[in-house]
file entry.csv (CSV, C-alpha atoms)
chain,number,residue,atom,x,y,z
R,365,MET,CA,-13.7,-6.8,-7.4
R,366,LYS,CA,-13.0,-7.4,-3.8
R,367,HIS,CA,-14.0,-4.4,-1.7
R,368,VAL,CA,-13.7,-4.3,2.1
R,369,HIS,CA,-12.7,-1.9,4.9
R,370,PHE,CA,-9.4,-2.9,6.5
R,371,THR,CA,-11.2,-3.3,9.8
R,372,GLU,CA,-13.3,-6.1,8.4
R,373,VAL,CA,-10.2,-8.2,7.8
R,374,LYS,CA,-9.3,-10.5,10.7
R,375,LEU,CA,-6.6,-9.2,13.0
R,376,GLU,CA,-4.2,-12.1,13.5
R,377,GLU,CA,-1.3,-13.0,15.8
R,378,PRO,CA,1.7,-13.6,13.6
R,379,SER,CA,3.6,-16.9,14.4
R,380,GLU,CA,7.0,-15.3,13.9
R,381,GLU,CA,9.5,-15.2,16.7
R,382,GLY,CA,11.1,-11.9,17.8
R,383,ILE,CA,8.0,-9.8,17.7
R,384,LYS,CA,6.3,-7.9,20.5
R,385,ASP,CA,2.7,-6.5,20.5
R,386,MET,CA,2.4,-6.8,16.7
R,387,LYS,CA,-0.6,-8.1,14.8
R,388,VAL,CA,-1.4,-8.5,11.1
R,389,ARG,CA,-4.4,-8.3,8.7
R,390,TRP,CA,-3.9,-10.1,5.4
R,391,LEU,CA,-5.9,-7.6,3.3
R,392,ILE,CA,-5.2,-9.1,-0.1
R,393,SER,CA,-3.7,-12.6,-0.5
R,394,LYS,CA,-3.6,-15.7,-2.6
R,395,ASN,CA,-7.0,-16.6,-1.2
R,396,ASP,CA,-8.4,-13.6,-3.2
R,397,GLY,CA,-6.8,-14.8,-6.4
R,398,ALA,CA,-3.8,-12.4,-6.1
R,399,LYS,CA,-1.2,-14.2,-8.1
R,400,ASN,CA,1.8,-11.9,-7.8
R,401,PHE,CA,1.9,-10.2,-4.4
R,402,ALA,CA,0.1,-9.8,-1.1
R,403,MET,CA,-1.0,-6.7,0.9
R,404,ARG,CA,-0.8,-6.9,4.7
R,405,LEU,CA,-1.5,-4.3,7.3
R,406,PHE,CA,0.5,-4.5,10.5
R,407,GLU,CA,-0.4,-2.9,13.8
R,408,ILE,CA,2.2,-2.4,16.4
R,409,GLN,CA,1.4,-1.2,19.9
R,410,PRO,CA,3.6,1.4,21.7
R,411,GLY,CA,6.7,-0.4,22.9
R,412,GLY,CA,6.2,-3.2,20.4
R,413,TYR,CA,8.2,-4.2,17.4
R,414,SER,CA,8.5,-6.4,14.3
R,415,PRO,CA,11.4,-8.9,14.2
R,416,PHE,CA,14.9,-7.7,13.4
R,417,HIS,CA,15.6,-10.0,10.5
R,418,GLN,CA,16.5,-10.5,6.9
R,419,HIS,CA,15.2,-12.6,4.0
R,420,ASP,CA,15.5,-13.1,0.3
R,421,TRP,CA,12.4,-11.2,-0.7
R,422,GLU,CA,11.6,-7.5,-0.7
R,423,HIS,CA,9.2,-5.3,1.3
R,424,GLU,CA,7.2,-2.3,0.0
R,425,VAL,CA,6.1,-0.4,3.1
R,426,PHE,CA,3.8,2.6,3.6
R,427,ILE,CA,3.3,4.1,7.1
R,428,LEU,CA,-0.4,4.8,7.6
R,429,GLU,CA,-0.2,6.0,11.2
R,430,GLY,CA,2.2,6.3,14.1
R,431,SER,CA,5.9,7.0,14.6
R,432,GLY,CA,8.9,5.1,15.7
R,433,ILE,CA,12.2,3.8,14.5
R,434,ALA,CA,13.1,1.8,11.4
R,435,LYS,CA,16.3,-0.1,12.2
R,436,CYS,CA,18.7,-1.4,9.5
R,437,GLU,CA,21.9,-3.4,9.8
R,438,LYS,CA,24.1,-0.4,10.7
R,439,ASN,CA,21.8,2.5,11.5
R,440,GLN,CA,18.3,3.6,12.4
R,441,GLU,CA,15.9,6.2,11.1
R,442,PRO,CA,12.8,7.7,12.5
R,443,TYR,CA,9.5,6.9,10.7
R,444,LYS,CA,6.3,8.9,10.6
R,445,GLN,CA,3.0,8.9,8.8
R,446,GLY,CA,3.3,9.0,5.0
R,447,ASP,CA,6.8,7.5,4.9
R,448,VAL,CA,7.7,4.9,2.3
R,449,PHE,CA,10.3,2.2,2.6
R,450,PHE,CA,11.7,-0.2,0.0
R,451,ILE,CA,13.6,-2.9,1.8
R,452,ARG,CA,15.6,-4.9,-0.7
R,453,PRO,CA,16.1,-8.6,-0.5
R,454,MET,CA,18.6,-9.6,2.3
R,455,GLU,CA,18.5,-6.2,4.0
R,456,TRP,CA,18.2,-6.3,7.8
R,457,HIS,CA,15.2,-4.4,9.0
R,458,GLN,CA,12.9,-3.8,12.0
R,459,PHE,CA,10.1,-1.4,12.9
R,460,ILE,CA,10.0,-0.3,16.6
R,461,ASN,CA,7.0,1.7,17.8
R,462,THR,CA,8.7,4.3,20.1
R,463,GLY,CA,5.7,6.6,19.9
R,464,LYS,CA,2.6,6.9,22.1
R,465,LYS,CA,0.1,5.8,19.5
R,466,LEU,CA,-0.6,2.6,17.5
R,467,THR,CA,1.6,2.2,14.4
R,468,LYS,CA,-0.2,1.0,11.3
R,469,PHE,CA,1.6,0.2,8.1
R,470,LEU,CA,1.1,-1.6,4.9
R,471,CYS,CA,3.8,-4.1,3.9
R,472,LEU,CA,3.6,-5.8,0.6
R,473,ILE,CA,5.5,-8.9,-0.4
R,474,PRO,CA,5.9,-11.0,-3.6
R,475,HIS,CA,4.5,-14.5,-3.6
R,476,LYS,CA,7.6,-15.8,-5.5
R,477,LYS,CA,10.3,-16.0,-2.9
I,695,MET,CA,16.8,0.6,2.2
I,696,LYS,CA,15.0,3.4,0.4
I,697,HIS,CA,13.3,5.7,2.8
I,698,VAL,CA,11.4,8.8,1.7
I,699,HIS,CA,8.2,10.7,2.6
I,700,PHE,CA,5.6,10.4,-0.2
I,701,THR,CA,5.6,14.1,-0.7
I,702,GLU,CA,9.3,14.0,-1.7
I,703,VAL,CA,8.4,11.9,-4.8
I,704,LYS,CA,7.6,13.8,-7.9
I,705,LEU,CA,3.9,14.4,-8.6
I,706,GLU,CA,3.5,13.6,-12.3
I,707,GLU,CA,0.8,14.0,-14.9
I,708,PRO,CA,-0.1,10.5,-16.2
I,709,SER,CA,-0.2,10.2,-20.0
I,710,GLU,CA,-3.3,8.1,-20.0
I,711,GLU,CA,-6.4,9.2,-21.8
I,712,GLY,CA,-9.8,9.3,-20.0
I,713,ILE,CA,-8.5,10.9,-16.8
I,714,LYS,CA,-9.5,14.2,-15.2
I,715,ASP,CA,-7.6,16.0,-12.4
I,716,MET,CA,-5.6,13.0,-11.5
I,717,LYS,CA,-1.8,12.9,-10.7
I,718,VAL,CA,0.6,10.1,-9.7
I,719,ARG,CA,3.7,9.6,-7.6
I,720,TRP,CA,5.7,6.5,-8.4
I,721,LEU,CA,6.8,5.7,-4.8
I,722,ILE,CA,8.6,2.4,-5.5
I,723,SER,CA,9.4,1.3,-9.1
I,724,LYS,CA,11.9,-0.6,-11.2
I,725,ASN,CA,14.2,2.4,-10.8
I,726,ASP,CA,14.6,1.4,-7.1
I,727,GLY,CA,15.4,-2.2,-8.0
I,728,ALA,CA,11.9,-3.4,-7.2
I,729,LYS,CA,11.7,-6.5,-9.4
I,730,ASN,CA,8.2,-7.7,-8.8
I,731,PHE,CA,5.7,-4.9,-8.4
I,732,ALA,CA,5.4,-1.1,-8.1
I,733,MET,CA,3.8,1.2,-5.6
I,734,ARG,CA,2.1,4.3,-6.9
I,735,LEU,CA,0.2,7.0,-5.0
I,736,PHE,CA,-2.6,8.6,-7.0
I,737,GLU,CA,-4.2,12.0,-6.1
I,738,ILE,CA,-7.6,12.9,-7.6
I,739,GLN,CA,-9.1,16.3,-7.1
I,740,PRO,CA,-12.8,16.7,-6.3
I,741,GLY,CA,-14.7,16.1,-9.6
I,742,GLY,CA,-11.8,14.2,-11.1
I,743,TYR,CA,-11.5,10.6,-12.0
I,744,SER,CA,-9.2,7.7,-13.1
I,745,PRO,CA,-9.9,6.2,-16.5
I,746,PHE,CA,-12.8,3.7,-16.8
I,747,HIS,CA,-10.9,0.8,-18.3
I,748,GLN,CA,-9.8,-2.8,-18.1
I,749,HIS,CA,-6.4,-4.5,-18.5
I,750,ASP,CA,-4.8,-7.9,-18.0
I,751,TRP,CA,-3.1,-7.2,-14.8
I,752,GLU,CA,-4.4,-6.7,-11.3
I,753,HIS,CA,-4.6,-3.7,-8.9
I,754,GLU,CA,-4.1,-3.8,-5.2
I,755,VAL,CA,-5.6,-0.5,-3.8
I,756,PHE,CA,-5.7,1.1,-0.4
I,757,ILE,CA,-7.7,4.4,0.1
I,758,LEU,CA,-5.5,6.8,2.2
I,759,GLU,CA,-7.8,9.8,2.2
I,760,GLY,CA,-11.0,11.0,0.6
I,761,SER,CA,-14.3,9.6,-0.6
I,762,GLY,CA,-16.1,8.9,-3.8
I,763,ILE,CA,-17.3,6.2,-6.1
I,764,ALA,CA,-15.6,3.0,-7.3
I,765,LYS,CA,-17.3,2.0,-10.6
I,766,CYS,CA,-17.2,-1.5,-11.9
I,767,GLU,CA,-18.7,-2.9,-15.1
I,768,LYS,CA,-22.2,-3.2,-13.8
I,769,ASN,CA,-22.4,-1.3,-10.5
I,770,GLN,CA,-20.7,1.2,-8.3
I,771,GLU,CA,-19.8,1.4,-4.7
I,772,PRO,CA,-18.8,4.3,-2.4
I,773,TYR,CA,-15.3,4.3,-1.2
I,774,LYS,CA,-13.8,5.9,1.9
I,775,GLN,CA,-10.6,6.1,3.9
I,776,GLY,CA,-9.3,2.7,4.9
I,777,ASP,CA,-11.0,0.8,2.0
I,778,VAL,CA,-9.2,-2.0,0.2
I,779,PHE,CA,-9.8,-3.0,-3.4
I,780,PHE,CA,-8.5,-6.0,-5.2
I,781,ILE,CA,-9.3,-5.5,-8.9
I,782,ARG,CA,-8.7,-8.7,-10.8
I,783,PRO,CA,-7.2,-8.8,-14.3
I,784,MET,CA,-9.8,-7.7,-17.0
I,785,GLU,CA,-12.2,-6.2,-14.5
I,786,TRP,CA,-13.5,-2.8,-15.5
I,787,HIS,CA,-12.8,-0.2,-12.9
I,788,GLN,CA,-12.8,3.6,-12.2
I,789,PHE,CA,-12.4,5.8,-9.2
I,790,ILE,CA,-14.4,9.0,-9.2
I,791,ASN,CA,-13.8,11.7,-6.6
I,792,THR,CA,-17.4,12.8,-5.7
I,793,GLY,CA,-16.2,14.2,-2.3
I,794,LYS,CA,-15.1,17.7,-1.4
I,795,LYS,CA,-11.5,16.8,-0.5
I,796,LEU,CA,-8.6,15.4,-2.3
I,797,THR,CA,-8.6,11.6,-2.8
I,798,LYS,CA,-5.3,9.8,-2.2
I,799,PHE,CA,-4.9,6.1,-2.8
I,800,LEU,CA,-2.1,3.6,-3.2
I,801,CYS,CA,-2.4,1.4,-6.3
I,802,LEU,CA,0.1,-1.4,-6.7
I,803,ILE,CA,0.7,-3.3,-9.9
I,804,PRO,CA,2.9,-6.2,-11.0
I,805,HIS,CA,5.7,-5.6,-13.4
I,806,LYS,CA,5.0,-8.8,-15.3
I,807,LYS,CA,2.0,-8.0,-17.3
call {"tool": "encode", "arguments": {"input": "entry.csv", "output": "structure tokens"}}
result
Amino acid sequence: MKHVHFTEVKLEEPSEEGIKDMKVRWLISKNDGAKNFAMRLFEIQPGGYSPFHQHDWEHEVFILEGSGIAKCEKNQEPYKQGDVFFIRPMEWHQFINTGKKLTKFLCLIPHKK
Amino acid sequence: MKHVHFTEVKLEEPSEEGIKDMKVRWLISKNDGAKNFAMRLFEIQPGGYSPFHQHDWEHEVFILEGSGIAKCEKNQEPYKQGDVFFIRPMEWHQFINTGKKLTKFLCLIPHKK
């Protein structure tokens, strides 16, 4: 059993383009022996955002802290603590921290893309 | 994109044996079109617990609120908000709410068992 506090996991700069003031912690990954899916924790500073993009795998998201806007292809919805998002393969999506505090959210992805 | 607050998802009584004062919300499941894995939110009252059991699939767990004990086959460790557990296939495990407040945690499982 792996047991850590999320703050013990390295906060990394993602290499993706189209992000602003966003970092990631890979909480559970292939390195832990997780064969099916990975758990990441993203941190977005006020004014920052994840990329506005699409891809052929899904996201399962849980908002831990913060508030802002979740943007889709044609509309946008406010997000807050305790919100859950299931983003289907090929759906456009972006999280924008329009709040005054750090946004933290879990985003899980399958390994098989 | 599915977008709900976790409290909008039905709080259900699990049918499993060996639990006490534990309920579950299936936040993202096959019913949403999630093909690879499911996100559940468990709520355990003070004094309650999940079953002490093992199975051939993994758990990816994030403690949202509360404190208590995570029991393994041979030892036990305290858990608190922000803790992450990766429970490998066939590892014995149990979460016991020894605190004074509700424990809430996310537990994700693969569909392919």
call {"tool": "interface_residues", "arguments": {"input": "entry.csv", "of": "chain R", "to": "chain I", "cutoff": "7 Å", "atoms": "all atoms listed in the file", "output": "PyMOL selection string"}}
result
chain R and resi 365-370+392+400+446-452+474
call {"tool": "closest_residue", "arguments": {"input": "entry.csv", "among": "R:Lys465, R:Pro415, R:Gln440, R:Lys374", "to": "Met386 of chain R", "atoms": "only C-alpha atoms"}}
result
R:Pro415
call {"tool": "calpha_fit_and_write", "arguments": {"input": "entry.csv", "fixed": "chain R", "moving": "chain I", "output": "mmCIF file with C-alpha atoms, in the frame of the given file"}}
result
data_model
loop_
_atom_site.group_PDB
_atom_site.id
_atom_site.type_symbol
_atom_site.label_atom_id
_atom_site.label_comp_id
_atom_site.auth_asym_id
_atom_site.auth_seq_id
_atom_site.Cartn_x
_atom_site.Cartn_y
_atom_site.Cartn_z
ATOM 1 C CA MET I 695 -13.657 -6.784 -7.415
ATOM 2 C CA LYS I 696 -12.989 -7.357 -3.735
ATOM 3 C CA HIS I 697 -13.969 -4.392 -1.688
ATOM 4 C CA VAL I 698 -13.687 -4.310 2.099
ATOM 5 C CA HIS I 699 -12.700 -1.861 4.872
ATOM 6 C CA PHE I 700 -9.407 -2.921 6.522
ATOM 7 C CA THR I 701 -11.097 -3.297 9.830
ATOM 8 C CA GLU I 702 -13.338 -6.065 8.409
ATOM 9 C CA VAL I 703 -10.238 -8.284 7.859
ATOM 10 C CA LYS I 704 -9.276 -10.500 10.693
ATOM 11 C CA LEU I 705 -6.552 -9.180 13.012
ATOM 12 C CA GLU I 706 -4.231 -12.153 13.524
ATOM 13 C CA GLU I 707 -1.312 -12.980 15.762
ATOM 14 C CA PRO I 708 1.724 -13.677 13.515
ATOM 15 C CA SER I 709 3.610 -16.884 14.353
ATOM 16 C CA GLU I 710 6.979 -15.312 13.904
ATOM 17 C CA GLU I 711 9.482 -15.238 16.695
ATOM 18 C CA GLY I 712 11.152 -11.940 17.764
ATOM 19 C CA ILE I 713 7.973 -9.849 17.683
ATOM 20 C CA LYS I 714 6.310 -7.916 20.503
ATOM 21 C CA ASP I 715 2.759 -6.475 20.443
ATOM 22 C CA MET I 716 2.439 -6.778 16.753
ATOM 23 C CA LYS I 717 -0.660 -8.057 14.791
ATOM 24 C CA VAL I 718 -1.421 -8.478 11.070
ATOM 25 C CA ARG I 719 -4.365 -8.287 8.711
ATOM 26 C CA TRP I 720 -3.892 -10.048 5.405
ATOM 27 C CA LEU I 721 -5.861 -7.544 3.245
ATOM 28 C CA ILE I 722 -5.180 -9.119 -0.172
ATOM 29 C CA SER I 723 -3.633 -12.630 -0.467
ATOM 30 C CA LYS I 724 -3.580 -15.745 -2.603
ATOM 31 C CA ASN I 725 -6.998 -16.549 -1.146
ATOM 32 C CA ASP I 726 -8.391 -13.601 -3.200
ATOM 33 C CA GLY I 727 -6.731 -14.834 -6.383
ATOM 34 C CA ALA I 728 -3.880 -12.359 -6.108
ATOM 35 C CA LYS I 729 -1.174 -14.183 -8.068
ATOM 36 C CA ASN I 730 1.764 -11.878 -7.737
ATOM 37 C CA PHE I 731 1.988 -10.206 -4.360
ATOM 38 C CA ALA I 732 0.119 -9.742 -1.057
ATOM 39 C CA MET I 733 -0.979 -6.743 0.919
ATOM 40 C CA ARG I 734 -0.757 -6.936 4.674
ATOM 41 C CA LEU I 735 -1.578 -4.290 7.289
ATOM 42 C CA PHE I 736 0.534 -4.535 10.433
ATOM 43 C CA GLU I 737 -0.433 -2.891 13.793
ATOM 44 C CA ILE I 738 2.265 -2.408 16.460
ATOM 45 C CA GLN I 739 1.399 -1.158 19.888
ATOM 46 C CA PRO I 740 3.572 1.443 21.621
ATOM 47 C CA GLY I 741 6.721 -0.410 22.847
ATOM 48 C CA GLY I 742 6.217 -3.218 20.371
ATOM 49 C CA TYR I 743 8.246 -4.194 17.406
ATOM 50 C CA SER I 744 8.526 -6.363 14.224
ATOM 51 C CA PRO I 745 11.299 -8.934 14.184
ATOM 52 C CA PHE I 746 14.857 -7.729 13.389
ATOM 53 C CA HIS I 747 15.606 -10.034 10.492
ATOM 54 C CA GLN I 748 16.565 -10.481 6.874
ATOM 55 C CA HIS I 749 15.109 -12.602 4.047
ATOM 56 C CA ASP I 750 15.465 -13.047 0.299
ATOM 57 C CA TRP I 751 12.455 -11.175 -0.727
ATOM 58 C CA GLU I 752 11.629 -7.500 -0.700
ATOM 59 C CA HIS I 753 9.182 -5.300 1.293
ATOM 60 C CA GLU I 754 7.251 -2.391 -0.033
ATOM 61 C CA VAL I 755 6.044 -0.372 3.060
ATOM 62 C CA PHE I 756 3.809 2.613 3.534
ATOM 63 C CA ILE I 757 3.364 4.120 7.093
ATOM 64 C CA LEU I 758 -0.412 4.815 7.610
ATOM 65 C CA GLU I 759 -0.264 6.044 11.182
ATOM 66 C CA GLY I 760 2.175 6.343 14.046
ATOM 67 C CA SER I 761 5.853 7.000 14.616
ATOM 68 C CA GLY I 762 8.938 5.179 15.686
ATOM 69 C CA ILE I 763 12.218 3.792 14.532
ATOM 70 C CA ALA I 764 13.139 1.842 11.382
ATOM 71 C CA LYS I 765 16.348 -0.120 12.179
ATOM 72 C CA CYS I 766 18.646 -1.333 9.497
ATOM 73 C CA GLU I 767 21.870 -3.318 9.836
ATOM 74 C CA LYS I 768 24.039 -0.402 10.744
ATOM 75 C CA ASN I 769 21.767 2.553 11.546
ATOM 76 C CA GLN I 770 18.264 3.594 12.339
ATOM 77 C CA GLU I 771 15.927 6.215 11.122
ATOM 78 C CA PRO I 772 12.690 7.708 12.535
ATOM 79 C CA TYR I 773 9.586 6.929 10.678
ATOM 80 C CA LYS I 774 6.303 8.831 10.538
ATOM 81 C CA GLN I 775 2.968 8.894 8.762
ATOM 82 C CA GLY I 776 3.327 9.032 5.007
ATOM 83 C CA ASP I 777 6.825 7.400 4.922
ATOM 84 C CA VAL I 778 7.727 4.891 2.237
ATOM 85 C CA PHE I 779 10.256 2.104 2.637
ATOM 86 C CA PHE I 780 11.630 -0.150 -0.001
ATOM 87 C CA ILE I 781 13.576 -2.898 1.799
ATOM 88 C CA ARG I 782 15.613 -4.880 -0.678
ATOM 89 C CA PRO I 783 16.085 -8.652 -0.449
ATOM 90 C CA MET I 784 18.613 -9.607 2.372
ATOM 91 C CA GLU I 785 18.518 -6.206 4.011
ATOM 92 C CA TRP I 786 18.159 -6.344 7.767
ATOM 93 C CA HIS I 787 15.168 -4.443 8.970
ATOM 94 C CA GLN I 788 12.902 -3.791 12.031
ATOM 95 C CA PHE I 789 10.164 -1.398 12.912
ATOM 96 C CA ILE I 790 9.988 -0.321 16.524
ATOM 97 C CA ASN I 791 7.019 1.633 17.857
ATOM 98 C CA THR I 792 8.713 4.278 20.118
ATOM 99 C CA GLY I 793 5.623 6.589 19.855
ATOM 100 C CA LYS I 794 2.614 6.840 22.125
ATOM 101 C CA LYS I 795 0.031 5.740 19.537
ATOM 102 C CA LEU I 796 -0.600 2.682 17.572
ATOM 103 C CA THR I 797 1.579 2.201 14.455
ATOM 104 C CA LYS I 798 -0.188 0.986 11.310
ATOM 105 C CA PHE I 799 1.687 0.214 8.132
ATOM 106 C CA LEU I 800 1.087 -1.609 4.881
ATOM 107 C CA CYS I 801 3.795 -4.139 3.985
ATOM 108 C CA LEU I 802 3.570 -5.811 0.608
ATOM 109 C CA ILE I 803 5.504 -8.887 -0.396
ATOM 110 C CA PRO I 804 5.857 -11.005 -3.535
ATOM 111 C CA HIS I 805 4.530 -14.498 -3.577
ATOM 112 C CA LYS I 806 7.526 -15.807 -5.487
ATOM 113 C CA LYS I 807 10.198 -15.960 -2.942
#
call {"tool": "atom_distance", "arguments": {"input": "entry.csv", "atom1": "atom CA of Leu735 of chain I", "atom2": "atom CA of Gly463 of chain R"}}
result
25.5 Å
call {"tool": "atom_distance", "arguments": {"input": "entry.csv", "atom1": "atom CA of Ile713 of chain I", "atom2": "atom CA of Lys768 of chain I"}}
result
19.9 Å
call {"tool": "build_atoms", "arguments": {"input": "entry.csv", "residues": "segment 412-443 of chain R", "atoms": "N, CA and C atoms", "output": "PDB file, in the coordinates of the input"}}
result
ATOM      1  N   GLY R 412       6.054  -1.946  21.130  1.00  0.00           N
ATOM      2  CA  GLY R 412       6.200  -3.200  20.400  1.00  0.00           C
ATOM      3  C   GLY R 412       7.094  -3.073  19.174  1.00  0.00           C
ATOM      4  N   TYR R 413       7.339  -4.209  18.527  1.00  0.00           N
ATOM      5  CA  TYR R 413       8.200  -4.200  17.400  1.00  0.00           C
ATOM      6  C   TYR R 413       8.030  -5.418  16.481  1.00  0.00           C
ATOM      7  N   SER R 414       8.455  -5.250  15.226  1.00  0.00           N
ATOM      8  CA  SER R 414       8.500  -6.400  14.300  1.00  0.00           C
ATOM      9  C   SER R 414       9.885  -7.055  14.501  1.00  0.00           C
ATOM     10  N   PRO R 415      10.080  -8.251  13.937  1.00  0.00           N
ATOM     11  CA  PRO R 415      11.400  -8.900  14.200  1.00  0.00           C
ATOM     12  C   PRO R 415      12.517  -8.195  13.479  1.00  0.00           C
ATOM     13  N   PHE R 416      13.666  -8.242  14.089  1.00  0.00           N
ATOM     14  CA  PHE R 416      14.900  -7.700  13.400  1.00  0.00           C
ATOM     15  C   PHE R 416      15.422  -8.919  12.621  1.00  0.00           C
ATOM     16  N   HIS R 417      15.208  -8.874  11.318  1.00  0.00           N
ATOM     17  CA  HIS R 417      15.600 -10.000  10.500  1.00  0.00           C
ATOM     18  C   HIS R 417      15.898  -9.643   9.062  1.00  0.00           C
ATOM     19  N   GLN R 418      16.257 -10.637   8.279  1.00  0.00           N
ATOM     20  CA  GLN R 418      16.500 -10.500   6.900  1.00  0.00           C
ATOM     21  C   GLN R 418      15.947 -11.689   6.122  1.00  0.00           C
ATOM     22  N   HIS R 419      15.681 -11.536   4.847  1.00  0.00           N
ATOM     23  CA  HIS R 419      15.200 -12.600   4.000  1.00  0.00           C
ATOM     24  C   HIS R 419      15.381 -12.304   2.567  1.00  0.00           C
ATOM     25  N   ASP R 420      15.155 -13.286   1.719  1.00  0.00           N
ATOM     26  CA  ASP R 420      15.500 -13.100   0.300  1.00  0.00           C
ATOM     27  C   ASP R 420      14.429 -12.480  -0.553  1.00  0.00           C
ATOM     28  N   TRP R 421      13.414 -11.878   0.053  1.00  0.00           N
ATOM     29  CA  TRP R 421      12.400 -11.200  -0.700  1.00  0.00           C
ATOM     30  C   TRP R 421      12.299  -9.731  -0.196  1.00  0.00           C
ATOM     31  N   GLU R 422      11.737  -8.879  -1.025  1.00  0.00           N
ATOM     32  CA  GLU R 422      11.600  -7.500  -0.700  1.00  0.00           C
ATOM     33  C   GLU R 422      10.373  -7.117   0.068  1.00  0.00           C
ATOM     34  N   HIS R 423      10.372  -5.918   0.684  1.00  0.00           N
ATOM     35  CA  HIS R 423       9.200  -5.300   1.300  1.00  0.00           C
ATOM     36  C   HIS R 423       8.904  -3.982   0.637  1.00  0.00           C
ATOM     37  N   GLU R 424       7.637  -3.703   0.386  1.00  0.00           N
ATOM     38  CA  GLU R 424       7.200  -2.300   0.000  1.00  0.00           C
ATOM     39  C   GLU R 424       6.286  -1.880   1.111  1.00  0.00           C
ATOM     40  N   VAL R 425       6.719  -0.825   1.808  1.00  0.00           N
ATOM     41  CA  VAL R 425       6.100  -0.400   3.100  1.00  0.00           C
ATOM     42  C   VAL R 425       5.536   1.027   2.949  1.00  0.00           C
ATOM     43  N   PHE R 426       4.340   1.262   3.485  1.00  0.00           N
ATOM     44  CA  PHE R 426       3.800   2.600   3.600  1.00  0.00           C
ATOM     45  C   PHE R 426       3.257   2.808   5.000  1.00  0.00           C
ATOM     46  N   ILE R 427       3.757   3.833   5.694  1.00  0.00           N
ATOM     47  CA  ILE R 427       3.300   4.100   7.100  1.00  0.00           C
ATOM     48  C   ILE R 427       2.006   4.853   7.070  1.00  0.00           C
ATOM     49  N   LEU R 428       0.974   4.209   7.586  1.00  0.00           N
ATOM     50  CA  LEU R 428      -0.400   4.800   7.600  1.00  0.00           C
ATOM     51  C   LEU R 428      -0.545   5.720   8.823  1.00  0.00           C
ATOM     52  N   GLU R 429      -0.046   5.295   9.959  1.00  0.00           N
ATOM     53  CA  GLU R 429      -0.200   6.000  11.200  1.00  0.00           C
ATOM     54  C   GLU R 429       0.917   5.685  12.157  1.00  0.00           C
ATOM     55  N   GLY R 430       1.248   6.638  13.026  1.00  0.00           N
ATOM     56  CA  GLY R 430       2.200   6.300  14.100  1.00  0.00           C
ATOM     57  C   GLY R 430       3.602   6.820  13.789  1.00  0.00           C
ATOM     58  N   SER R 431       4.460   6.620  14.779  1.00  0.00           N
ATOM     59  CA  SER R 431       5.900   7.000  14.600  1.00  0.00           C
ATOM     60  C   SER R 431       6.735   6.103  15.451  1.00  0.00           C
ATOM     61  N   GLY R 432       7.980   6.014  15.036  1.00  0.00           N
ATOM     62  CA  GLY R 432       8.900   5.100  15.700  1.00  0.00           C
ATOM     63  C   GLY R 432      10.234   5.103  14.992  1.00  0.00           C
ATOM     64  N   ILE R 433      10.880   3.958  15.055  1.00  0.00           N
ATOM     65  CA  ILE R 433      12.200   3.800  14.500  1.00  0.00           C
ATOM     66  C   ILE R 433      12.271   2.642  13.525  1.00  0.00           C
ATOM     67  N   ALA R 434      12.858   2.896  12.365  1.00  0.00           N
ATOM     68  CA  ALA R 434      13.100   1.800  11.400  1.00  0.00           C
ATOM     69  C   ALA R 434      14.628   1.499  11.535  1.00  0.00           C
ATOM     70  N   LYS R 435      14.904   0.278  11.929  1.00  0.00           N
ATOM     71  CA  LYS R 435      16.300  -0.100  12.200  1.00  0.00           C
ATOM     72  C   LYS R 435      16.801  -0.940  11.004  1.00  0.00           C
ATOM     73  N   CYS R 436      18.015  -0.619  10.577  1.00  0.00           N
ATOM     74  CA  CYS R 436      18.700  -1.400   9.500  1.00  0.00           C
ATOM     75  C   CYS R 436      19.859  -2.099  10.118  1.00  0.00           C
ATOM     76  N   GLU R 437      20.739  -2.610   9.274  1.00  0.00           N
ATOM     77  CA  GLU R 437      21.900  -3.400   9.800  1.00  0.00           C
ATOM     78  C   GLU R 437      22.798  -2.440  10.625  1.00  0.00           C
ATOM     79  N   LYS R 438      23.060  -1.256  10.107  1.00  0.00           N
ATOM     80  CA  LYS R 438      24.100  -0.400  10.700  1.00  0.00           C
ATOM     81  C   LYS R 438      23.544   0.925  11.305  1.00  0.00           C
ATOM     82  N   ASN R 439      22.327   1.266  10.991  1.00  0.00           N
ATOM     83  CA  ASN R 439      21.800   2.500  11.500  1.00  0.00           C
ATOM     84  C   ASN R 439      20.310   2.445  11.750  1.00  0.00           C
ATOM     85  N   GLN R 440      19.737   3.531  12.222  1.00  0.00           N
ATOM     86  CA  GLN R 440      18.300   3.600  12.400  1.00  0.00           C
ATOM     87  C   GLN R 440      17.773   4.953  12.036  1.00  0.00           C
ATOM     88  N   GLU R 441      16.543   4.983  11.551  1.00  0.00           N
ATOM     89  CA  GLU R 441      15.900   6.200  11.100  1.00  0.00           C
ATOM     90  C   GLU R 441      14.550   6.339  11.678  1.00  0.00           C
ATOM     91  N   PRO R 442      14.125   7.560  12.053  1.00  0.00           N
ATOM     92  CA  PRO R 442      12.800   7.700  12.500  1.00  0.00           C
ATOM     93  C   PRO R 442      11.758   7.538  11.402  1.00  0.00           C
ATOM     94  N   TYR R 443      10.604   6.938  11.694  1.00  0.00           N
ATOM     95  CA  TYR R 443       9.500   6.900  10.700  1.00  0.00           C
ATOM     96  C   TYR R 443       8.318   7.659  11.191  1.00  0.00           C
TER      97      TYR R 443
END
